[in-house]
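File shown: model02.pdb (PDB, C-alpha atoms and all ligand atoms).
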```pdb
ATOM      1  CA  MET A   1       0.000   0.000   0.000  1.00  0.00           C
ATOM      2  CA  ILE A   2       1.130   3.574  -0.670  1.00  0.00           C
ATOM      3  CA  PRO A   3       1.937   5.279   2.680  1.00  0.00           C
ATOM      4  CA  SER A   4      -1.052   7.133   4.123  1.00  0.00           C
ATOM      5  CA  PHE A   5       1.187   9.830   5.582  1.00  0.00           C
ATOM      6  CA  VAL A   6       4.088  12.085   4.791  1.00  0.00           C
ATOM      7  CA  ARG A   7       6.474  12.630   7.665  1.00  0.00           C
ATOM      8  CA  ARG A   8       5.939  16.130   9.045  1.00  0.00           C
ATOM      9  CA  LYS A   9       8.701  17.519  11.200  1.00  0.00           C
ATOM     10  CA  GLY A  10       6.550  19.725  13.417  1.00  0.00           C
ATOM     11  CA  ARG A  11       7.963  21.689  16.322  1.00  0.00           C
ATOM     12  CA  ILE A  12       8.862  19.658  19.378  1.00  0.00           C
ATOM     13  CA  SER A  13       8.679  21.559  22.666  1.00  0.00           C
ATOM     14  CA  LYS A  14      11.367  21.053  25.308  1.00  0.00           C
ATOM     15  CA  ALA A  15       8.898  19.146  27.495  1.00  0.00           C
ATOM     16  CA  GLN A  16       7.922  16.866  24.600  1.00  0.00           C
ATOM     17  CA  GLN A  17      11.585  16.159  23.785  1.00  0.00           C
ATOM     18  CA  ARG A  18      12.255  15.384  27.441  1.00  0.00           C
ATOM     19  CA  ALA A  19       9.252  13.043  27.431  1.00  0.00           C
ATOM     20  CA  LEU A  20      10.575  11.287  24.311  1.00  0.00           C
ATOM     21  CA  ASP A  21      13.991  10.892  25.981  1.00  0.00           C
ATOM     22  CA  THR A  22      12.858   9.798  29.429  1.00  0.00           C
ATOM     23  CA  LEU A  23       9.335   8.309  29.159  1.00  0.00           C
ATOM     24  CA  TRP A  24       9.597   6.478  25.842  1.00  0.00           C
ATOM     25  CA  PRO A  25      11.469   3.510  27.390  1.00  0.00           C
ATOM     26  CA  ARG A  26       8.537   3.009  29.813  1.00  0.00           C
ATOM     27  CA  TYR A  27       5.574   3.420  27.448  1.00  0.00           C
ATOM     28  CA  GLY A  28       7.042   3.016  23.957  1.00  0.00           C
ATOM     29  CA  ILE A  29       7.282  -0.305  22.176  1.00  0.00           C
ATOM     30  CA  GLU A  30      10.332  -1.212  20.132  1.00  0.00           C
ATOM     31  CA  LEU A  31       9.468  -3.429  17.201  1.00  0.00           C
ATOM     32  CA  ASN A  32      11.685  -6.406  16.604  1.00  0.00           C
ATOM     33  CA  GLN A  33       9.354  -9.417  16.751  1.00  0.00           C
ATOM     34  CA  VAL A  34       5.642 -10.253  16.711  1.00  0.00           C
ATOM     35  CA  LEU A  35       4.145  -8.675  19.821  1.00  0.00           C
ATOM     36  CA  ASP A  36       2.584 -10.687  22.623  1.00  0.00           C
ATOM     37  CA  LEU A  37       0.074  -8.108  23.879  1.00  0.00           C
ATOM     38  CA  GLU A  38      -0.805  -9.953  27.065  1.00  0.00           C
ATOM     39  CA  THR A  39       2.840 -10.070  28.157  1.00  0.00           C
ATOM     40  CA  LEU A  40       3.359  -6.493  27.043  1.00  0.00           C
ATOM     41  CA  PHE A  41       0.543  -5.132  29.232  1.00  0.00           C
ATOM     42  CA  GLY A  42       1.016  -7.793  31.876  1.00  0.00           C
ATOM     43  CA  ARG A  43      -2.616  -8.905  32.027  1.00  0.00           C
ATOM     44  CA  PRO A  44      -5.372 -10.607  29.998  1.00  0.00           C
ATOM     45  CA  ALA A  45      -7.538  -7.472  29.507  1.00  0.00           C
ATOM     46  CA  GLU A  46      -9.318  -6.375  26.300  1.00  0.00           C
ATOM     47  CA  LYS A  47      -6.879  -4.846  23.821  1.00  0.00           C
ATOM     48  CA  HIS A  48      -7.971  -1.687  21.995  1.00  0.00           C
ATOM     49  CA  LEU A  49      -5.934   0.000  19.243  1.00  0.00           C
ATOM     50  CA  GLU A  50      -6.092   3.591  18.007  1.00  0.00           C
ATOM     51  CA  ILE A  51      -4.490   4.195  14.605  1.00  0.00           C
ATOM     52  CA  GLY A  52      -3.191   7.746  14.071  1.00  0.00           C
ATOM     53  CA  PHE A  53      -3.804   9.173  17.561  1.00  0.00           C
ATOM     54  CA  GLY A  54      -2.330  12.608  16.689  1.00  0.00           C
ATOM     55  CA  ARG A  55      -1.788  14.232  20.117  1.00  0.00           C
ATOM     56  CA  GLY A  56      -3.520  11.333  21.826  1.00  0.00           C
ATOM     57  CA  ASP A  57      -6.501  13.246  23.255  1.00  0.00           C
ATOM     58  CA  ALA A  58      -8.986  10.481  22.425  1.00  0.00           C
ATOM     59  CA  LEU A  59      -6.617   7.707  23.516  1.00  0.00           C
ATOM     60  CA  ILE A  60      -6.035   9.325  26.908  1.00  0.00           C
ATOM     61  CA  ALA A  61      -9.745   9.943  27.464  1.00  0.00           C
ATOM     62  CA  MET A  62     -10.629   6.337  26.568  1.00  0.00           C
ATOM     63  CA  ALA A  63      -7.825   4.907  28.727  1.00  0.00           C
ATOM     64  CA  LYS A  64      -8.960   7.011  31.686  1.00  0.00           C
ATOM     65  CA  ALA A  65     -12.605   6.054  31.187  1.00  0.00           C
ATOM     66  CA  HIS A  66     -11.805   2.337  30.888  1.00  0.00           C
ATOM     67  CA  PRO A  67      -8.978   1.301  33.220  1.00  0.00           C
ATOM     68  CA  GLU A  68     -10.173  -2.277  32.715  1.00  0.00           C
ATOM     69  CA  HIS A  69      -9.037  -2.195  29.039  1.00  0.00           C
ATOM     70  CA  ASP A  70      -5.540  -1.864  27.557  1.00  0.00           C
ATOM     71  CA  TYR A  71      -4.864   0.747  24.852  1.00  0.00           C
ATOM     72  CA  LEU A  72      -2.274   0.616  22.123  1.00  0.00           C
ATOM     73  CA  GLY A  73      -1.695   3.772  20.070  1.00  0.00           C
ATOM     74  CA  ILE A  74       0.135   3.982  16.739  1.00  0.00           C
ATOM     75  CA  ASP A  75       1.344   7.208  15.119  1.00  0.00           C
ATOM     76  CA  ILE A  76       4.516   8.504  13.529  1.00  0.00           C
ATOM     77  CA  TYR A  77       4.132  12.184  14.503  1.00  0.00           C
ATOM     78  CA  ARG A  78       6.864  12.820  17.076  1.00  0.00           C
ATOM     79  CA  PRO A  79       5.544  16.005  18.738  1.00  0.00           C
ATOM     80  CA  GLY A  80       2.211  14.178  19.213  1.00  0.00           C
ATOM     81  CA  ILE A  81       3.981  11.173  20.747  1.00  0.00           C
ATOM     82  CA  GLY A  82       5.827  13.538  23.125  1.00  0.00           C
ATOM     83  CA  TYR A  83       2.531  15.182  24.062  1.00  0.00           C
ATOM     84  CA  LEU A  84       0.851  11.822  24.665  1.00  0.00           C
ATOM     85  CA  LEU A  85       3.753  10.599  26.828  1.00  0.00           C
ATOM     86  CA  LEU A  86       3.354  13.675  29.044  1.00  0.00           C
ATOM     87  CA  GLN A  87      -0.387  13.007  29.379  1.00  0.00           C
ATOM     88  CA  ILE A  88       0.172   9.348  30.275  1.00  0.00           C
ATOM     89  CA  GLU A  89       2.645  10.346  32.962  1.00  0.00           C
ATOM     90  CA  ALA A  90       0.429  13.143  34.346  1.00  0.00           C
ATOM     91  CA  ALA A  91      -2.566  10.807  34.609  1.00  0.00           C
ATOM     92  CA  LYS A  92      -0.392   7.934  35.937  1.00  0.00           C
ATOM     93  CA  LEU A  93      -1.969   5.567  33.392  1.00  0.00           C
ATOM     94  CA  THR A  94      -0.722   2.005  33.322  1.00  0.00           C
ATOM     95  CA  ASN A  95      -2.945   0.806  30.448  1.00  0.00           C
ATOM     96  CA  VAL A  96      -1.417   2.723  27.485  1.00  0.00           C
ATOM     97  CA  ARG A  97       1.500   1.768  25.224  1.00  0.00           C
ATOM     98  CA  ILE A  98       2.748   3.544  22.093  1.00  0.00           C
ATOM     99  CA  ILE A  99       4.174   2.389  18.784  1.00  0.00           C
ATOM    100  CA  SER A 100       5.931   4.875  16.527  1.00  0.00           C
ATOM    101  CA  ALA A 101       5.649   3.324  13.047  1.00  0.00           C
ATOM    102  CA  ASP A 102       3.446   2.959   9.997  1.00  0.00           C
ATOM    103  CA  ALA A 103       0.238   1.287  11.222  1.00  0.00           C
ATOM    104  CA  VAL A 104       0.033  -0.819   8.058  1.00  0.00           C
ATOM    105  CA  GLU A 105       3.491  -2.246   8.710  1.00  0.00           C
ATOM    106  CA  VAL A 106       2.580  -2.904  12.356  1.00  0.00           C
ATOM    107  CA  LEU A 107      -0.584  -4.769  11.340  1.00  0.00           C
ATOM    108  CA  GLN A 108       1.281  -6.731   8.686  1.00  0.00           C
ATOM    109  CA  GLN A 109       4.379  -7.690  10.639  1.00  0.00           C
ATOM    110  CA  TYR A 110       4.034  -7.158  14.377  1.00  0.00           C
ATOM    111  CA  LEU A 111       0.499  -7.967  15.505  1.00  0.00           C
ATOM    112  CA  PRO A 112      -0.595 -11.616  15.729  1.00  0.00           C
ATOM    113  CA  PRO A 113      -3.831 -12.861  14.124  1.00  0.00           C
ATOM    114  CA  HIS A 114      -7.118 -11.984  15.857  1.00  0.00           C
ATOM    115  CA  CYS A 115      -5.627 -10.186  18.874  1.00  0.00           C
ATOM    116  CA  LEU A 116      -7.686  -6.949  18.996  1.00  0.00           C
ATOM    117  CA  ASP A 117     -11.058  -6.299  20.652  1.00  0.00           C
ATOM    118  CA  ALA A 118     -11.556  -2.834  19.132  1.00  0.00           C
ATOM    119  CA  VAL A 119      -9.852  -0.510  16.640  1.00  0.00           C
ATOM    120  CA  TYR A 120     -10.401   3.239  16.371  1.00  0.00           C
ATOM    121  CA  LEU A 121      -9.606   5.377  13.346  1.00  0.00           C
ATOM    122  CA  PHE A 122     -10.561   8.944  14.169  1.00  0.00           C
ATOM    123  CA  PHE A 123     -10.102  11.694  11.581  1.00  0.00           C
ATOM    124  CA  PRO A 124      -7.530   9.945   9.383  1.00  0.00           C
ATOM    125  CA  ASP A 125      -5.707  12.172   6.892  1.00  0.00           C
ATOM    126  CA  PRO A 126      -8.415  12.884   4.283  1.00  0.00           C
ATOM    127  CA  TRP A 127      -6.136  13.338   1.256  1.00  0.00           C
ATOM    128  CA  PRO A 128      -8.710  15.610  -0.419  1.00  0.00           C
ATOM    129  CA  LYS A 129      -7.182  15.756  -3.922  1.00  0.00           C
ATOM    130  CA  LYS A 130      -8.442  13.033  -6.228  1.00  0.00           C
ATOM    131  CA  ARG A 131      -4.937  12.032  -7.339  1.00  0.00           C
ATOM    132  CA  HIS A 132      -4.074  11.419  -3.657  1.00  0.00           C
ATOM    133  CA  HIS A 133      -7.095   9.231  -2.850  1.00  0.00           C
ATOM    134  CA  LYS A 134      -4.891   6.154  -3.214  1.00  0.00           C
ATOM    135  CA  ARG A 135      -3.133   7.279  -0.017  1.00  0.00           C
ATOM    136  CA  ARG A 136      -6.328   7.016   2.014  1.00  0.00           C
ATOM    137  CA  LEU A 137      -6.062   4.288   4.606  1.00  0.00           C
ATOM    138  CA  VAL A 138      -9.605   2.940   4.266  1.00  0.00           C
ATOM    139  CA  GLN A 139      -9.541   0.760   1.172  1.00  0.00           C
ATOM    140  CA  ALA A 140     -10.151  -2.922   0.473  1.00  0.00           C
ATOM    141  CA  GLU A 141      -6.571  -4.103   1.054  1.00  0.00           C
ATOM    142  CA  PHE A 142      -6.345  -2.353   4.435  1.00  0.00           C
ATOM    143  CA  LEU A 143      -9.726  -3.710   5.547  1.00  0.00           C
ATOM    144  CA  LYS A 144      -8.682  -7.242   4.663  1.00  0.00           C
ATOM    145  CA  LEU A 145      -5.496  -6.870   6.693  1.00  0.00           C
ATOM    146  CA  LEU A 146      -7.294  -5.287   9.650  1.00  0.00           C
ATOM    147  CA  ALA A 147      -9.919  -8.055   9.699  1.00  0.00           C
ATOM    148  CA  GLN A 148      -7.105 -10.590  10.130  1.00  0.00           C
ATOM    149  CA  ARG A 149      -6.022  -8.838  13.339  1.00  0.00           C
ATOM    150  CA  LEU A 150      -9.509  -8.358  14.853  1.00  0.00           C
ATOM    151  CA  LYS A 151     -11.191 -10.913  17.097  1.00  0.00           C
ATOM    152  CA  SER A 152     -14.651 -12.227  16.174  1.00  0.00           C
ATOM    153  CA  GLY A 153     -17.196  -9.526  16.946  1.00  0.00           C
ATOM    154  CA  ALA A 154     -14.528  -6.832  17.509  1.00  0.00           C
ATOM    155  CA  ILE A 155     -15.586  -3.223  16.909  1.00  0.00           C
ATOM    156  CA  PHE A 156     -14.060  -0.987  14.223  1.00  0.00           C
ATOM    157  CA  HIS A 157     -15.084   2.634  14.858  1.00  0.00           C
ATOM    158  CA  LEU A 158     -14.205   5.347  12.349  1.00  0.00           C
ATOM    159  CA  ALA A 159     -14.933   9.057  12.258  1.00  0.00           C
ATOM    160  CA  THR A 160     -14.166  11.742   9.691  1.00  0.00           C
ATOM    161  CA  ASP A 161     -15.149  15.325   8.994  1.00  0.00           C
ATOM    162  CA  TRP A 162     -14.497  14.930   5.267  1.00  0.00           C
ATOM    163  CA  GLU A 163     -17.759  14.025   3.508  1.00  0.00           C
ATOM    164  CA  ASN A 164     -16.188  12.492   0.417  1.00  0.00           C
ATOM    165  CA  TYR A 165     -13.967  10.257   2.587  1.00  0.00           C
ATOM    166  CA  ALA A 166     -16.971   9.330   4.753  1.00  0.00           C
ATOM    167  CA  GLU A 167     -18.757   8.136   1.620  1.00  0.00           C
ATOM    168  CA  GLN A 168     -15.699   6.144   0.545  1.00  0.00           C
ATOM    169  CA  MET A 169     -15.457   4.560   4.024  1.00  0.00           C
ATOM    170  CA  LEU A 170     -19.093   3.507   3.812  1.00  0.00           C
ATOM    171  CA  LEU A 171     -18.717   2.052   0.303  1.00  0.00           C
ATOM    172  CA  GLU A 172     -15.538   0.146   1.177  1.00  0.00           C
ATOM    173  CA  LEU A 173     -16.903  -1.234   4.438  1.00  0.00           C
ATOM    174  CA  GLU A 174     -20.225  -2.268   2.913  1.00  0.00           C
ATOM    175  CA  ALA A 175     -18.253  -4.142   0.232  1.00  0.00           C
ATOM    176  CA  ALA A 176     -15.867  -5.760   2.748  1.00  0.00           C
ATOM    177  CA  PRO A 177     -16.957  -9.344   3.478  1.00  0.00           C
ATOM    178  CA  ASP A 178     -15.480  -9.378   7.015  1.00  0.00           C
ATOM    179  CA  PHE A 179     -17.382  -6.377   8.387  1.00  0.00           C
ATOM    180  CA  ILE A 180     -21.008  -5.891   9.459  1.00  0.00           C
ATOM    181  CA  ASN A 181     -22.586  -2.490   9.996  1.00  0.00           C
ATOM    182  CA  THR A 182     -23.818  -2.187  13.602  1.00  0.00           C
ATOM    183  CA  MET A 183     -26.602   0.137  12.426  1.00  0.00           C
ATOM    184  CA  PRO A 184     -29.572  -2.154  11.704  1.00  0.00           C
ATOM    185  CA  ALA A 185     -30.712   0.181   8.901  1.00  0.00           C
ATOM    186  CA  GLY A 186     -27.146   0.549   7.547  1.00  0.00           C
ATOM    187  CA  GLY A 187     -25.369   3.835   6.866  1.00  0.00           C
ATOM    188  CA  PHE A 188     -23.625   6.162   9.302  1.00  0.00           C
ATOM    189  CA  ALA A 189     -23.910   5.864  13.073  1.00  0.00           C
ATOM    190  CA  PRO A 190     -25.013   8.631  15.433  1.00  0.00           C
ATOM    191  CA  ARG A 191     -22.000  10.041  17.286  1.00  0.00           C
ATOM    192  CA  PRO A 192     -21.368   7.462  20.032  1.00  0.00           C
ATOM    193  CA  PRO A 193     -21.196   9.336  23.368  1.00  0.00           C
ATOM    194  CA  GLU A 194     -18.063   7.368  24.307  1.00  0.00           C
ATOM    195  CA  ARG A 195     -16.041   8.883  21.428  1.00  0.00           C
ATOM    196  CA  PRO A 196     -13.994  11.644  23.053  1.00  0.00           C
ATOM    197  CA  LEU A 197     -14.135  15.086  21.456  1.00  0.00           C
ATOM    198  CA  THR A 198     -10.609  16.015  20.282  1.00  0.00           C
ATOM    199  CA  LYS A 199      -9.191  19.520  19.664  1.00  0.00           C
ATOM    200  CA  PHE A 200      -9.094  18.620  15.972  1.00  0.00           C
ATOM    201  CA  GLU A 201     -12.803  17.838  15.921  1.00  0.00           C
ATOM    202  CA  GLN A 202     -13.700  20.910  17.983  1.00  0.00           C
ATOM    203  CA  ARG A 203     -11.906  23.081  15.434  1.00  0.00           C
ATOM    204  CA  GLY A 204     -13.798  21.390  12.594  1.00  0.00           C
ATOM    205  CA  LEU A 205     -17.124  21.886  14.330  1.00  0.00           C
ATOM    206  CA  ARG A 206     -16.311  25.597  14.856  1.00  0.00           C
ATOM    207  CA  LEU A 207     -15.601  25.856  11.128  1.00  0.00           C
ATOM    208  CA  GLY A 208     -18.987  24.302  10.416  1.00  0.00           C
ATOM    209  CA  HIS A 209     -17.716  20.892   9.224  1.00  0.00           C
ATOM    210  CA  GLY A 210     -20.002  17.879   9.571  1.00  0.00           C
ATOM    211  CA  VAL A 211     -18.751  14.713  11.284  1.00  0.00           C
ATOM    212  CA  TRP A 212     -19.596  11.176  10.189  1.00  0.00           C
ATOM    213  CA  ASP A 213     -19.192   8.124  12.438  1.00  0.00           C
ATOM    214  CA  LEU A 214     -19.148   4.531  11.217  1.00  0.00           C
ATOM    215  CA  VAL A 215     -19.290   1.604  13.626  1.00  0.00           C
ATOM    216  CA  TYR A 216     -18.696  -1.878  12.207  1.00  0.00           C
ATOM    217  CA  GLN A 217     -18.214  -5.274  13.724  1.00  0.00           C
ATOM    218  CA  ARG A 218     -15.835  -8.045  12.700  1.00  0.00           C
ATOM    219  CA  ARG A 219     -17.913 -10.892  11.344  1.00  0.00           C
ATOM    220  CA  GLU A 220     -17.709 -14.135  13.376  1.00  0.00           C
ATOM    221  CA  ILE A 221     -14.721 -16.159  12.292  1.00  0.00           C
TER     222      ILE A 221
HETATM  223  C1  LIG B   1      -5.533  14.220  10.736  1.00  0.00           C
HETATM  224  S1  LIG B   1      -4.598  13.519  12.041  1.00  0.00           S
HETATM  225  C2  LIG B   1      -5.853  13.100  13.248  1.00  0.00           C
HETATM  226  C3  LIG B   1      -5.280  12.861  14.619  1.00  0.00           C
HETATM  227  C4  LIG B   1      -6.261  12.403  15.710  1.00  0.00           C
HETATM  228  N1  LIG B   1      -6.830  11.106  15.421  1.00  0.00           N
HETATM  229  C5  LIG B   1      -7.363  13.416  15.976  1.00  0.00           C
HETATM  230  O1  LIG B   1      -8.537  13.090  15.817  1.00  0.00           O
HETATM  231  O2  LIG B   1      -7.025  14.559  16.381  1.00  0.00           O
HETATM  232  C6  LIG B   1      -4.111  11.927  11.368  1.00  0.00           C
HETATM  233  C7  LIG B   1      -2.973  11.269  12.145  1.00  0.00           C
HETATM  234  O3  LIG B   1      -2.758   9.961  11.605  1.00  0.00           O
HETATM  235  C8  LIG B   1      -1.357   9.706  11.547  1.00  0.00           C
HETATM  236  N2  LIG B   1      -1.157   8.666  10.513  1.00  0.00           N
HETATM  237  C9  LIG B   1      -1.547   8.702   9.212  1.00  0.00           C
HETATM  238  N3  LIG B   1      -1.249   7.558   8.575  1.00  0.00           N
HETATM  239  C10 LIG B   1      -0.649   6.761   9.508  1.00  0.00           C
HETATM  240  C11 LIG B   1      -0.099   5.438   9.453  1.00  0.00           C
HETATM  241  N4  LIG B   1      -0.108   4.708   8.321  1.00  0.00           N
HETATM  242  N5  LIG B   1       0.456   4.945  10.573  1.00  0.00           N
HETATM  243  C12 LIG B   1       0.475   5.668  11.713  1.00  0.00           C
HETATM  244  N6  LIG B   1      -0.043   6.920  11.832  1.00  0.00           N
HETATM  245  C13 LIG B   1      -0.588   7.451  10.734  1.00  0.00           C
HETATM  246  C14 LIG B   1      -0.734  11.055  11.225  1.00  0.00           C
HETATM  247  O4  LIG B   1       0.607  11.113  11.630  1.00  0.00           O
HETATM  248  C15 LIG B   1      -1.645  11.996  12.038  1.00  0.00           C
HETATM  249  O5  LIG B   1      -1.130  12.216  13.338  1.00  0.00           O
END
```
Starting from the file, give its structure as structure tokens.
Amino acid sequence: MIPSFVRRKGRISKAQQRALDTLWPRYGIELNQVLDLETLFGRPAEKHLEIGFGRGDALIAMAKAHPEHDYLGIDIYRPGIGYLLLQIEAAKLTNVRIISADAVEVLQQYLPPHCLDAVYLFFPDPWPKKRHHKRRLVQAEFLKLLAQRLKSGAIFHLATDWENYAEQMLLELEAAPDFINTMPAGGFAPRPPERPLTKFEQRGLRLGHGVWDLVYQRREI
């Protein structure tokens, strides 16, 4: 698959750099073999994954709200990882771990089959220009790969404020044999109250953007 991101440098604050230097060894995961999530988190709790957490606002809110679940976050944006590390430390969370890599590569090479109870994809890069649509993460090949990492009945929750991408998500998911729409009548889902409101979304709402949620379930294996 063509990468769904371009590496942005972004400005790293002193506190974020310090967090990357000192907190990464505690909460960051180095990739060198297929991960055993139960050993990694030290318990047999549900494993939830957020792909592209940005600054981690949603991940932190979910991890705080559900201490009984374990949360894995994947992103490649270093200032965001620094920010998230600071939040984890401030909230003394023990149920969050971070991977700094391409999520597609992580799914392909480092996560075992059917290990995830839920996956969140909130406001993925929309790649608005038509010639860039091939960079969008939600496409048949990605869905096939993701389905291989989800447990039977696992939830895949997506949200976007880009209407054209929302329509593509719906088309792709409806066509994907491994996913079932949790909405009995099909289509988009009402905003689930448990989806945390991020700064990114707040900005979009202020600018008058719509937001579309999709909640699918992994078909029984
Ligand atoms: C538009 S931002 C949204 C961030 C956050 N989810 C939010 O709602 O504020 C998309 C994020 O996805 C990350 N991203 C895009 N493709 C990725 C990939 N293949 N693997 C890991 N992270 C990715 C980007 O680095 C960026 O931080």
How close does region 60-120 of chain A get to region 30-54 of chain A? List, as CSV, each residue of region 60-120 of chain A within 8 Å, its nearest atom pair and the distance in Å to one decimal, counting all atoms listed in the file.
```
residue,atom,partner,partner_atom,distance
A:Glu68,CA,A:Ala45,CA,6.7
A:His69,CA,A:Glu46,CA,5.0
A:Asp70,CA,A:Lys47,CA,5.0
A:Tyr71,CA,A:His48,CA,4.9
A:Leu72,CA,A:Leu49,CA,4.7
A:Gly73,CA,A:Glu50,CA,4.9
A:Ile74,CA,A:Ile51,CA,5.1
A:Asp75,CA,A:Gly52,CA,4.7
A:Ile76,CA,A:Gly52,CA,7.8
A:Tyr77,CA,A:Gly54,CA,6.8
A:Gly80,CA,A:Gly54,CA,5.4
A:Ile81,CA,A:Gly54,CA,7.6
A:Asn95,CA,A:Phe41,CA,7.0
A:Ile99,CA,A:Glu30,CA,7.3
A:Ala103,CA,A:Ile51,CA,6.5
A:Gln109,CA,A:Val34,CA,6.7
A:Tyr110,CA,A:Val34,CA,4.2
A:Leu111,CA,A:Leu35,CA,5.7
A:Pro112,CA,A:Val34,CA,6.5
A:Cys115,CA,A:Lys47,CA,7.4
A:Leu116,CA,A:Lys47,CA,5.3
A:Asp117,CA,A:Lys47,CA,5.4
A:Ala118,CA,A:His48,CA,4.7
A:Val119,CA,A:Leu49,CA,4.7
A:Tyr120,CA,A:Glu50,CA,4.6
```
Taking the file as I've supplied it (selection: the PyMOL selection byres (((chain A and resi 176) around 10) and not hetatm)), which residues are included? Please answer as a count of residues only.
16
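Shortest atom-to-atom contact with ligand LIG 1 (chain B) among A:Ala189, A:Ala91, A:Leu137, A:Ala19: A:Leu137, counting all atoms listed in the file.
Restricting the calculation to only C-alpha atoms and all ligand atoms, the smallest distance between ligand LIG 1 (chain B) and any of A:Trp24, A:Trp212, A:Phe156, A:Phe5 is found for A:Phe5.
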Considering only C-alpha atoms and all ligand atoms, tabulate each residue of chain A that lies at most 10 Å from ligand LIG 1 (chain B) along with its nearest interatomic pair and the corresponding distance in Å to one decimal; arrange the rows by chain and ascending residue number and present them as a tab-separated table.
```
residue	atom	partner	partner_atom	distance
A:Met1	CA	B:LIG1	N4	9.6
A:Ile2	CA	B:LIG1	N4	9.1
A:Pro3	CA	B:LIG1	N4	6.0
A:Ser4	CA	B:LIG1	N3	4.5
A:Phe5	CA	B:LIG1	N3	4.5
A:Val6	CA	B:LIG1	O4	7.7
A:Arg7	CA	B:LIG1	O4	7.2
A:Arg8	CA	B:LIG1	O4	7.8
A:Glu50	CA	B:LIG1	N1	8.0
A:Ile51	CA	B:LIG1	N6	5.9
A:Gly52	CA	B:LIG1	O3	3.3
A:Phe53	CA	B:LIG1	N1	4.2
A:Gly54	CA	B:LIG1	O5	3.6
A:Arg55	CA	B:LIG1	O2	6.4
A:Gly56	CA	B:LIG1	C4	6.8
A:Asp57	CA	B:LIG1	O2	7.0
A:Ala58	CA	B:LIG1	O1	7.1
A:Leu59	CA	B:LIG1	N1	8.8
A:Gly73	CA	B:LIG1	C12	8.8
A:Ile74	CA	B:LIG1	C12	5.3
A:Asp75	CA	B:LIG1	N6	3.6
A:Ile76	CA	B:LIG1	O4	5.1
A:Tyr77	CA	B:LIG1	O4	4.7
A:Arg78	CA	B:LIG1	O4	8.5
A:Pro79	CA	B:LIG1	O5	9.4
A:Gly80	CA	B:LIG1	O5	7.0
A:Ile81	CA	B:LIG1	O5	9.1
A:Ile99	CA	B:LIG1	C12	8.6
A:Ser100	CA	B:LIG1	C12	7.3
A:Ala101	CA	B:LIG1	C12	5.8
A:Asp102	CA	B:LIG1	N5	3.6
A:Ala103	CA	B:LIG1	N5	3.7
A:Val104	CA	B:LIG1	N4	5.5
A:Glu105	CA	B:LIG1	N4	7.8
A:Val106	CA	B:LIG1	N5	8.3
A:Leu107	CA	B:LIG1	N5	9.8
A:Tyr120	CA	B:LIG1	N1	8.7
A:Leu121	CA	B:LIG1	N1	6.7
A:Phe122	CA	B:LIG1	N1	4.5
A:Phe123	CA	B:LIG1	O1	4.7
A:Pro124	CA	B:LIG1	C6	4.4
A:Asp125	CA	B:LIG1	C1	4.4
A:Pro126	CA	B:LIG1	C1	7.2
A:Trp127	CA	B:LIG1	C1	9.5
A:Arg135	CA	B:LIG1	N3	8.8
A:Arg136	CA	B:LIG1	N3	8.3
A:Leu137	CA	B:LIG1	N4	7.0
A:Leu158	CA	B:LIG1	N1	9.8
A:Ala159	CA	B:LIG1	O1	8.4
A:Thr160	CA	B:LIG1	O1	8.4
A:Asp161	CA	B:LIG1	O1	9.8
A:Pro196	CA	B:LIG1	O1	9.2
A:Leu197	CA	B:LIG1	O1	8.2
A:Thr198	CA	B:LIG1	O2	5.5
A:Lys199	CA	B:LIG1	O2	6.3
A:Phe200	CA	B:LIG1	O2	4.6
A:Glu201	CA	B:LIG1	O1	6.4
A:Gln202	CA	B:LIG1	O2	9.4
A:Arg203	CA	B:LIG1	O2	9.9
```
Step by step: start from the point (9.1, 18.6, 24.7) in the file's coordinates, keep every protein, DNA or RNA residue that has an atom no farther than 12 Å from it, count only C-alpha atoms, and write the set as a ChimeraX atom specification.
/A:10-23,78-87
Could you check which of A:Arg97, A:Pro128, A:Leu207, A:Met183 is closest to Asn164 (chain A), using all atoms listed in the file?
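Closest candidate: A:Pro128.
As for CA of Arg218 (chain A) and CA of Ala61 (chain A), they are spaced 24.1 Å apart.
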Using all atoms of region 153-168 of chain A listed in the file and a margin of 3 Å per side, can you give the axis-aligned box centre and edge lengths in Å to one decimal, as JSON?
```
{"center_x": -16.4, "center_y": 2.9, "center_z": 9.0, "size_x": 10.8, "size_y": 30.9, "size_z": 23.1}
```
Find, counting all atoms listed in the file, the residue in A:Leu214, A:Glu167, A:Leu205, A:Trp162 that gets nearest to Gly186 (chain A).
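Among the listed residues, A:Leu214 lies closest to Gly186 (chain A).
The space separating CA of Tyr216 (chain A) from CA of Pro184 (chain A) comes to 10.9 Å.
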Pick from A:Ala185, A:Met62, A:Val138, A:Leu146: nearest to Gln168 (chain A), with all atoms listed in the file counted?
A:Val138
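Between CA of Pro113 (chain A) and CA of Leu150 (chain A) lies a distance of 7.3 Å.
Proximity to Arg219 (chain A) was assessed for A:Lys130, A:Phe142, A:Glu163, A:His114 counting only C-alpha atoms; the smallest distance is recorded for A:His114.
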